Amino acid sequence: MMKKILAYLLFLLPWTALPAQSQKMTSGRVVDRATREPLELAVVHDLATGKNSFTDKEGRFVLPGTAAGKGSGTPAGRRLGTMADSVSIVVSFIGYGRREIRIAAGVADAVVGLEKSSLDLAAVTISSKAGAGSFHTLSQIDLNMQPARSAQDLLRLVPGLFIAQHQGGGKAEQIFLRGFDADHGTDVSLSVDGMPVNLVSHSHGQGYADLHFLIPETVSGYEFGKGPYYADHGDFTTAGYVGYRTISVLDRNRIEIEGGQFHTRRAVAMINLLSERAKERGQSAYIAGEALYFDGPFDYAERFTRSNLFGKWITPVGANNKLTLTLSTMSSGWRASGEIPERAVAEGTIPDRFGVIDSAQGGYTSRSNAAVKLSSTLKDHFTLENQVYYSRYFFNLISNFTYHYFYPAAGDEFRQHESRNLAGYNGRLTHVVVLPSGRLSSTIGASLRSDAIDPSYLAHTLGGQTILHYIQLGKIRETNASGIVEESFESGKWLFAAGLRLDYFHFYYGNLAPASDSAAAIYSGVAPVSHKAILCPKVSVQYTASPEWQLYIKSGKGFHSNDARIVIAHDGHEILPAAYGADLGVNWRPHPNWFINAAIWQLYLEQEFTFGADLGDQAVSPGGRTLRKGIDLSVRYQINSWLYTYLNTDLARPKALDALKGRDYLPLAPTLTSTGGLDARLRNGINGSIGYRTMRNRAANADYSLTARGHFVTDLTVNYTRKKFEIGVAVENLFNVTWNEAEFETTSQLKNETHPVDEVSFTPGNPFFAKLKCSIFF
């Protein structure tokens, strides 16, 4: 395997050593005029040649072979591109005003500043530079149309991604995407500024991804991908990935207060720490804070609290380096009413859907992060990125889903607990060269991640405090080292991309449970250490016929790792089950005011992870092979200068391959989801949106004898925004429909029952829920 990788690297070197053509080039940077932040994938249109160039991560663009003074090309070029030794260009970016300027031919440091403006879909250009089948255009449109109000909204920005909260507001959301019930992140990887959010071998579930340390107002952008096609995204990237970027430079200070039903209170502040003069030198520093309290609609108030503090500092180091330091900390506590068996409401065991059976449920969690990143522009069109990060994490959760099924006298309440140190490194070296036949981009990357969890345990408890016995107790050490190689070649209307990713995992689980507890027997006689590597190739081809439509095909292999406790218990078998997928899609603009993305896809999984809601020996267990097929459709339409509409519809057919016909349903896997709505942006400052989200009924168990009921919920926001302030109202569940946010098949036994019952347990969704906010900008 290593010989093949070395051979591939040696193949790359001659290409990356090729010199750029000695044509006369005009280059520069496109930035936000207010913050001086670079704008990636801005369109730079050469009026003389009629060709487009696109900016890189640092906002840089190059117009190769500039023929100054020639009027050939488009009619506009013949009119405007005739001045000797100058080039006429039009620069545009989604959410910013277009700018037409003339710059001297051959200059290497032109800076073009763009000002934020209302979204104009007619100015959107389908980019060939974003990568085959990239969703960059779609994400930029949505962030402008549907600004996020909460951490939950940040996830809902991804077309087809649904979430559910089922154990109090402080837990990570359950995630659904492309026919996956991905639990809390087993098949969807999340990151913030390059730092992973998913936690391996988590006490509550593999890949647990709690995004609540991210303050929504600090997010400047996001990217997402569906399927296992991305070499720079590894573990858990089977259904897809989502990566968020935080603001680097504040354009203004902000203070916001919010209040609403169910004793909702929230405050946010974002403050610049440096002067305008420092900004001109390329420096930036700001802090942001968030405080939240929420009781929820439950009879037993949640008393959910969360506090967040975030800071970011950026400074140039020499002429070609940029240093970024990011610090954040989050703490959260809550009570929970848990999951309620349907019969508890029907038979009057509790007074209504919002009642509680075990009031000891709830939790506490905290996470503190530090990250340092050095971005360097090297000679000969090389760029280098190096990042190190560290997280300190704590989690404690009390739950009871089965009540008195396993332990009729004491009850089935249990605690999941862990304390973790997470450290890692990400590095990327990229080389871009312009050849006579096209543009070649080469990337070599490496990453290292180490998780140390001590202790990690699952315990049977009483009253939320007393530990009756340990079901699992131990310490975990897990290391993941990876390397990637990526090549993309653009020639004319074609873009060819290939990638190779190698991941190596080392697992250790040290059992600390007393010999008298059941956990000791599970690990008796097995080695506490295991390791394995996996190689994942990726290939994509894209054809951009015009700025109006683009066809792409993607294929690749990905994986999700298993929990270290399961790896050791299974003596090193079934460690890194692979996923194989393919997409065929199109980006299309049938009219200047339309943007459509559609794709058909298929994903085969060697091993599905199954989750138990009971006190069995393993909360996460390896399942059998699965196959998913589906269709994704996203439509954006600008009705007029101030009114927009959007629609996302996602169909999936998930199936268990190793089960008998009729018992091959995948529990809770979504088969049809859809979101849509209207967004308005009036010039007088009034803006807002009304939108729906719906999920169809689906199987709650393998034979579909139980149904997880679907829902159709409508949300509304109305704001009045001026330069110095904003006031607004947000309403969730506008029409006050009865719906379930989360549903599970659970075998449970209530205290007054003599035998267990297998049925659906649920967490009710919020009823009509209104909030008011007031923001001040300065």
# chains A, B, ... in the order shown; residues from 1 in each chain; ligands from 1
>>> residues_around(residues="Leu468 of chain A", least_positions_apart="2", cutoff="12 Å", atoms="only C-alpha atoms", output="PyMOL selection string")
chain A and resi 407+410-415+458-466+470-471+516-517
>>> select_by_dssp(residues="segment 202-295 of chain A", states="strand (DSSP E or B)", output="ChimeraX atom specification")
/A:208-209,219-226,240-246,254-260,264-272,284-294
>>> closest_residue(among="A:Tyr241, A:Tyr692, A:Phe778, A:Tyr644", to="Lys724 of chain A", atoms="only C-alpha atoms")
A:Phe778
>>> closest_atom_pairs(of="segment 593-663 of chain A", to="segment 106-124 of chain A", cutoff="9 Å", atoms="only C-alpha atoms", output="Markdown table")
| residue | atom | partner | partner_atom | distance |
| --- | --- | --- | --- | --- |
| A:Asn593 | CA | A:Ala122 | CA | 5.1 |
| A:Trp594 | CA | A:Leu121 | CA | 6.9 |
| A:Phe595 | CA | A:Leu121 | CA | 7.7 |
| A:Arg636 | CA | A:Leu121 | CA | 8.5 |
| A:Tyr637 | CA | A:Leu121 | CA | 7.6 |
| A:Gln638 | CA | A:Leu121 | CA | 6.4 |
| A:Ser641 | CA | A:Asp120 | CA | 7.5 |
| A:Trp642 | CA | A:Ser118 | CA | 8.2 |
>>> residues_around(residues="segment 174-188 of chain A", least_positions_apart="6", cutoff="9 Å", atoms="only C-alpha atoms", output="ChimeraX atom specification")
/A:155,159-166,198-199,204-210,226-227,235-242,559-561,609,611,628-632,650-654,666-672,742
>>> closest_residue(among="A:Tyr389, A:Phe294, A:Tyr604, A:Tyr580", to="Asp193 of chain A", atoms="only C-alpha atoms")
A:Tyr389
>>> closest_atom_pairs(of="segment 336-390 of chain A", to="segment 755-758 of chain A", cutoff="12 Å", atoms="only C-alpha atoms", output="tab-separated table")
residue	atom	partner	partner_atom	distance
A:Pro341	CA	A:Val757	CA	9.2
A:Glu342	CA	A:Asp758	CA	10.4
A:Arg343	CA	A:Val757	CA	9.3
A:Ala344	CA	A:Val757	CA	11.2
>>> write_last_selection(atoms="all heavy atoms", output="tab-separated table (two decimals), in the first residue's frame")
chain	number	residue	atom	x	y	z
A	341	PRO	N	-43.57	7.13	26.37
A	341	PRO	CA	-44.35	6.11	25.65
A	341	PRO	C	-45.75	6.63	25.32
A	341	PRO	O	-46.37	7.32	26.14
A	341	PRO	CB	-44.41	4.95	26.65
A	341	PRO	CG	-43.33	5.20	27.65
A	341	PRO	CD	-43.17	6.69	27.71
A	342	GLU	N	-46.24	6.33	24.13
A	342	GLU	CA	-47.53	6.84	23.70
A	342	GLU	C	-48.65	6.45	24.67
A	342	GLU	O	-49.57	7.23	24.92
A	342	GLU	CB	-47.85	6.32	22.30
A	342	GLU	CG	-46.97	6.93	21.22
A	342	GLU	CD	-47.30	6.41	19.83
A	342	GLU	OE1	-47.87	5.29	19.74
A	342	GLU	OE2	-46.99	7.10	18.84
A	343	ARG	N	-48.57	5.25	25.27
A	343	ARG	CA	-49.64	4.80	26.16
A	343	ARG	C	-49.69	5.59	27.46
A	343	ARG	O	-50.73	5.65	28.12
A	343	ARG	CB	-49.47	3.30	26.47
A	343	ARG	CG	-48.22	2.95	27.28
A	343	ARG	CD	-48.04	1.45	27.39
A	343	ARG	NE	-46.92	1.10	28.26
A	343	ARG	CZ	-45.65	1.10	27.91
A	343	ARG	NH1	-45.32	1.47	26.66
A	343	ARG	NH2	-44.69	0.77	28.76
A	344	ALA	N	-48.53	6.22	27.84
A	344	ALA	CA	-48.52	7.00	29.09
A	344	ALA	C	-49.45	8.19	29.00
A	344	ALA	O	-50.05	8.60	30.00
A	344	ALA	CB	-47.09	7.45	29.40
>>> residues_around(residues="Ser488 of chain A", least_positions_apart="4", cutoff="8 Å", atoms="only C-alpha atoms", output="tab-separated table (two decimals) with all heavy atoms, in the first residue's frame")
chain	number	residue	atom	x	y	z
A	440	LEU	N	-3.84	23.43	-13.45
A	440	LEU	CA	-3.60	22.25	-12.62
A	440	LEU	C	-3.43	22.65	-11.17
A	440	LEU	O	-2.63	23.54	-10.86
A	440	LEU	CB	-2.35	21.50	-13.11
A	440	LEU	CG	-1.95	20.25	-12.32
A	440	LEU	CD1	-2.97	19.14	-12.53
A	440	LEU	CD2	-0.55	19.79	-12.72
A	441	SER	N	-4.18	22.02	-10.28
A	441	SER	CA	-4.07	22.27	-8.85
A	441	SER	C	-3.71	20.96	-8.15
A	441	SER	O	-4.37	19.93	-8.37
A	441	SER	CB	-5.38	22.81	-8.29
A	441	SER	OG	-5.32	22.95	-6.89
A	442	SER	N	-2.66	21.01	-7.34
A	442	SER	CA	-2.18	19.82	-6.62
A	442	SER	C	-2.13	20.11	-5.13
A	442	SER	O	-1.67	21.18	-4.71
A	442	SER	CB	-0.78	19.42	-7.10
A	442	SER	OG	-0.74	19.29	-8.51
A	495	LEU	N	-13.57	19.81	-15.93
A	495	LEU	CA	-12.80	19.76	-14.69
A	495	LEU	C	-12.72	18.30	-14.25
A	495	LEU	O	-13.75	17.64	-14.06
A	495	LEU	CB	-13.46	20.60	-13.59
A	495	LEU	CG	-12.78	20.55	-12.21
A	495	LEU	CD1	-11.39	21.16	-12.27
A	495	LEU	CD2	-13.63	21.26	-11.16
A	496	PHE	N	-11.50	17.81	-14.10
A	496	PHE	CA	-11.26	16.44	-13.66
A	496	PHE	C	-10.58	16.50	-12.28
A	496	PHE	O	-9.61	17.23	-12.11
A	496	PHE	CB	-10.37	15.69	-14.64
A	496	PHE	CG	-10.90	15.67	-16.05
A	496	PHE	CD1	-10.55	16.67	-16.96
A	496	PHE	CD2	-11.75	14.66	-16.45
A	496	PHE	CE1	-11.04	16.65	-18.26
A	496	PHE	CE2	-12.25	14.64	-17.75
A	496	PHE	CZ	-11.90	15.64	-18.66
A	497	ALA	N	-11.10	15.75	-11.33
A	497	ALA	CA	-10.55	15.77	-9.98
A	497	ALA	C	-10.41	14.34	-9.48
A	497	ALA	O	-11.30	13.50	-9.68
A	497	ALA	CB	-11.42	16.59	-9.04
A	498	ALA	N	-9.29	14.08	-8.83
A	498	ALA	CA	-9.06	12.77	-8.22
A	498	ALA	C	-8.37	12.97	-6.88
A	498	ALA	O	-7.56	13.89	-6.71
A	498	ALA	CB	-8.20	11.89	-9.13
>>> residues_around(residues="segment 260-270 of chain A", least_positions_apart="4", cutoff="7 Å", atoms="only C-alpha atoms", output="PyMOL selection string")
chain A and resi 253-256+287-297+769-772
>>> write_last_selection(atoms="N, CA, C and O atoms", output="PDB file, in the first residue's frame")
ATOM      1  N   ASN A 253     -19.837  46.574  15.687  1.00  0.00           N
ATOM      2  CA  ASN A 253     -20.153  45.966  16.976  1.00  0.00           C
ATOM      3  C   ASN A 253     -21.643  45.665  17.043  1.00  0.00           C
ATOM      4  O   ASN A 253     -22.453  46.276  16.340  1.00  0.00           O
ATOM      5  N   ARG A 254     -21.997  44.754  17.959  1.00  0.00           N
ATOM      6  CA  ARG A 254     -23.393  44.319  18.018  1.00  0.00           C
ATOM      7  C   ARG A 254     -23.754  43.917  19.442  1.00  0.00           C
ATOM      8  O   ARG A 254     -22.994  43.210  20.116  1.00  0.00           O
ATOM      9  N   ILE A 255     -24.924  44.357  19.889  1.00  0.00           N
ATOM     10  CA  ILE A 255     -25.511  43.897  21.152  1.00  0.00           C
ATOM     11  C   ILE A 255     -26.963  43.524  20.864  1.00  0.00           C
ATOM     12  O   ILE A 255     -27.701  44.304  20.251  1.00  0.00           O
ATOM     13  N   GLU A 256     -27.356  42.329  21.298  1.00  0.00           N
ATOM     14  CA  GLU A 256     -28.701  41.845  21.007  1.00  0.00           C
ATOM     15  C   GLU A 256     -29.314  41.212  22.248  1.00  0.00           C
ATOM     16  O   GLU A 256     -28.640  40.485  22.987  1.00  0.00           O
ATOM     17  N   ILE A 287     -14.274  39.853  20.364  1.00  0.00           N
ATOM     18  CA  ILE A 287     -14.825  38.844  21.257  1.00  0.00           C
ATOM     19  C   ILE A 287     -16.338  38.815  21.073  1.00  0.00           C
ATOM     20  O   ILE A 287     -16.955  39.811  20.671  1.00  0.00           O
ATOM     21  N   ALA A 288     -16.926  37.654  21.352  1.00  0.00           N
ATOM     22  CA  ALA A 288     -18.377  37.491  21.271  1.00  0.00           C
ATOM     23  C   ALA A 288     -18.828  36.644  22.449  1.00  0.00           C
ATOM     24  O   ALA A 288     -18.115  35.737  22.883  1.00  0.00           O
ATOM     25  N   GLY A 289     -19.994  36.963  22.958  1.00  0.00           N
ATOM     26  CA  GLY A 289     -20.532  36.205  24.081  1.00  0.00           C
ATOM     27  C   GLY A 289     -22.012  35.934  23.891  1.00  0.00           C
ATOM     28  O   GLY A 289     -22.721  36.697  23.222  1.00  0.00           O
ATOM     29  N   GLU A 290     -22.476  34.845  24.477  1.00  0.00           N
ATOM     30  CA  GLU A 290     -23.886  34.473  24.401  1.00  0.00           C
ATOM     31  C   GLU A 290     -24.321  33.903  25.745  1.00  0.00           C
ATOM     32  O   GLU A 290     -23.597  33.125  26.362  1.00  0.00           O
ATOM     33  N   ALA A 291     -25.512  34.289  26.210  1.00  0.00           N
ATOM     34  CA  ALA A 291     -26.122  33.718  27.413  1.00  0.00           C
ATOM     35  C   ALA A 291     -27.564  33.373  27.084  1.00  0.00           C
ATOM     36  O   ALA A 291     -28.279  34.176  26.469  1.00  0.00           O
ATOM     37  N   LEU A 292     -28.010  32.172  27.494  1.00  0.00           N
ATOM     38  CA  LEU A 292     -29.330  31.685  27.121  1.00  0.00           C
ATOM     39  C   LEU A 292     -29.997  31.000  28.309  1.00  0.00           C
ATOM     40  O   LEU A 292     -29.346  30.266  29.062  1.00  0.00           O
ATOM     41  N   TYR A 293     -31.300  31.257  28.456  1.00  0.00           N
ATOM     42  CA  TYR A 293     -32.125  30.515  29.418  1.00  0.00           C
ATOM     43  C   TYR A 293     -33.441  30.159  28.743  1.00  0.00           C
ATOM     44  O   TYR A 293     -34.033  30.972  28.021  1.00  0.00           O
ATOM     45  N   PHE A 294     -33.931  28.900  28.996  1.00  0.00           N
ATOM     46  CA  PHE A 294     -35.139  28.430  28.317  1.00  0.00           C
ATOM     47  C   PHE A 294     -35.781  27.332  29.163  1.00  0.00           C
ATOM     48  O   PHE A 294     -35.111  26.372  29.564  1.00  0.00           O
ATOM     49  N   ASP A 295     -37.073  27.464  29.453  1.00  0.00           N
ATOM     50  CA  ASP A 295     -37.794  26.439  30.213  1.00  0.00           C
ATOM     51  C   ASP A 295     -38.483  25.425  29.319  1.00  0.00           C
ATOM     52  O   ASP A 295     -38.792  24.312  29.753  1.00  0.00           O
ATOM     53  N   GLY A 296     -38.764  25.797  28.080  1.00  0.00           N
ATOM     54  CA  GLY A 296     -39.476  24.900  27.195  1.00  0.00           C
ATOM     55  C   GLY A 296     -40.941  24.788  27.557  1.00  0.00           C
ATOM     56  O   GLY A 296     -41.406  25.306  28.580  1.00  0.00           O
ATOM     57  N   PRO A 297     -41.727  24.080  26.739  1.00  0.00           N
ATOM     58  CA  PRO A 297     -43.168  23.959  26.970  1.00  0.00           C
ATOM     59  C   PRO A 297     -43.540  22.841  27.941  1.00  0.00           C
ATOM     60  O   PRO A 297     -44.718  22.566  28.136  1.00  0.00           O
ATOM     61  N   PHE A 769     -44.551  29.137  19.369  1.00  0.00           N
ATOM     62  CA  PHE A 769     -43.453  29.626  20.202  1.00  0.00           C
ATOM     63  C   PHE A 769     -42.935  30.928  19.587  1.00  0.00           C
ATOM     64  O   PHE A 769     -42.314  30.922  18.530  1.00  0.00           O
ATOM     65  N   ALA A 770     -43.217  32.057  20.256  1.00  0.00           N
ATOM     66  CA  ALA A 770     -42.850  33.376  19.735  1.00  0.00           C
ATOM     67  C   ALA A 770     -41.732  34.001  20.556  1.00  0.00           C
ATOM     68  O   ALA A 770     -41.700  33.865  21.779  1.00  0.00           O
ATOM     69  N   LYS A 771     -40.832  34.706  19.853  1.00  0.00           N
ATOM     70  CA  LYS A 771     -39.719  35.414  20.492  1.00  0.00           C
ATOM     71  C   LYS A 771     -39.584  36.798  19.877  1.00  0.00           C
ATOM     72  O   LYS A 771     -39.790  36.971  18.670  1.00  0.00           O
ATOM     73  N   LEU A 772     -39.211  37.763  20.707  1.00  0.00           N
ATOM     74  CA  LEU A 772     -38.911  39.114  20.246  1.00  0.00           C
ATOM     75  C   LEU A 772     -37.426  39.392  20.437  1.00  0.00           C
ATOM     76  O   LEU A 772     -36.812  38.907  21.396  1.00  0.00           O
TER      77      LEU A 772
END
>>> closest_residue(among="A:Thr218, A:Gln607, A:Gln602, A:Asn272", to="Gly623 of chain A", atoms="only C-alpha atoms")
A:Gln607
>>> select_by_dssp(residues="segment 121-327 of chain A", states="alpha helix (DSSP H)", output="list in words")
His136, Thr137, Leu138, Ser139, Gln140, Ile141, Asp142, Leu143, Asn144, Met145, Ala151, Gln152, Asp153, Leu154, Leu155, Arg156, Glu276, Arg277, Ala278, Lys279 and Glu280 of chain A
>>> atom_distance(atom1="atom CA of Lys532 of chain A", atom2="atom CA of Ala656 of chain A")
25.8 Å
>>> atom_distance(atom1="atom CA of Ser555 of chain A", atom2="atom CA of Glu487 of chain A")
14.9 Å
>>> closest_residue(among="A:Asp232, A:Glu58, A:Glu732, A:Asp451", to="Lys538 of chain A", atoms="only C-alpha atoms")
A:Asp232
>>> closest_residue(among="A:Leu678, A:Ser27, A:Ala360, A:Gly662", to="Ile639 of chain A", atoms="only C-alpha atoms")
A:Leu678
>>> atom_distance(atom1="atom CA of Asn597 of chain A", atom2="atom CA of Asn52 of chain A")
21.3 Å
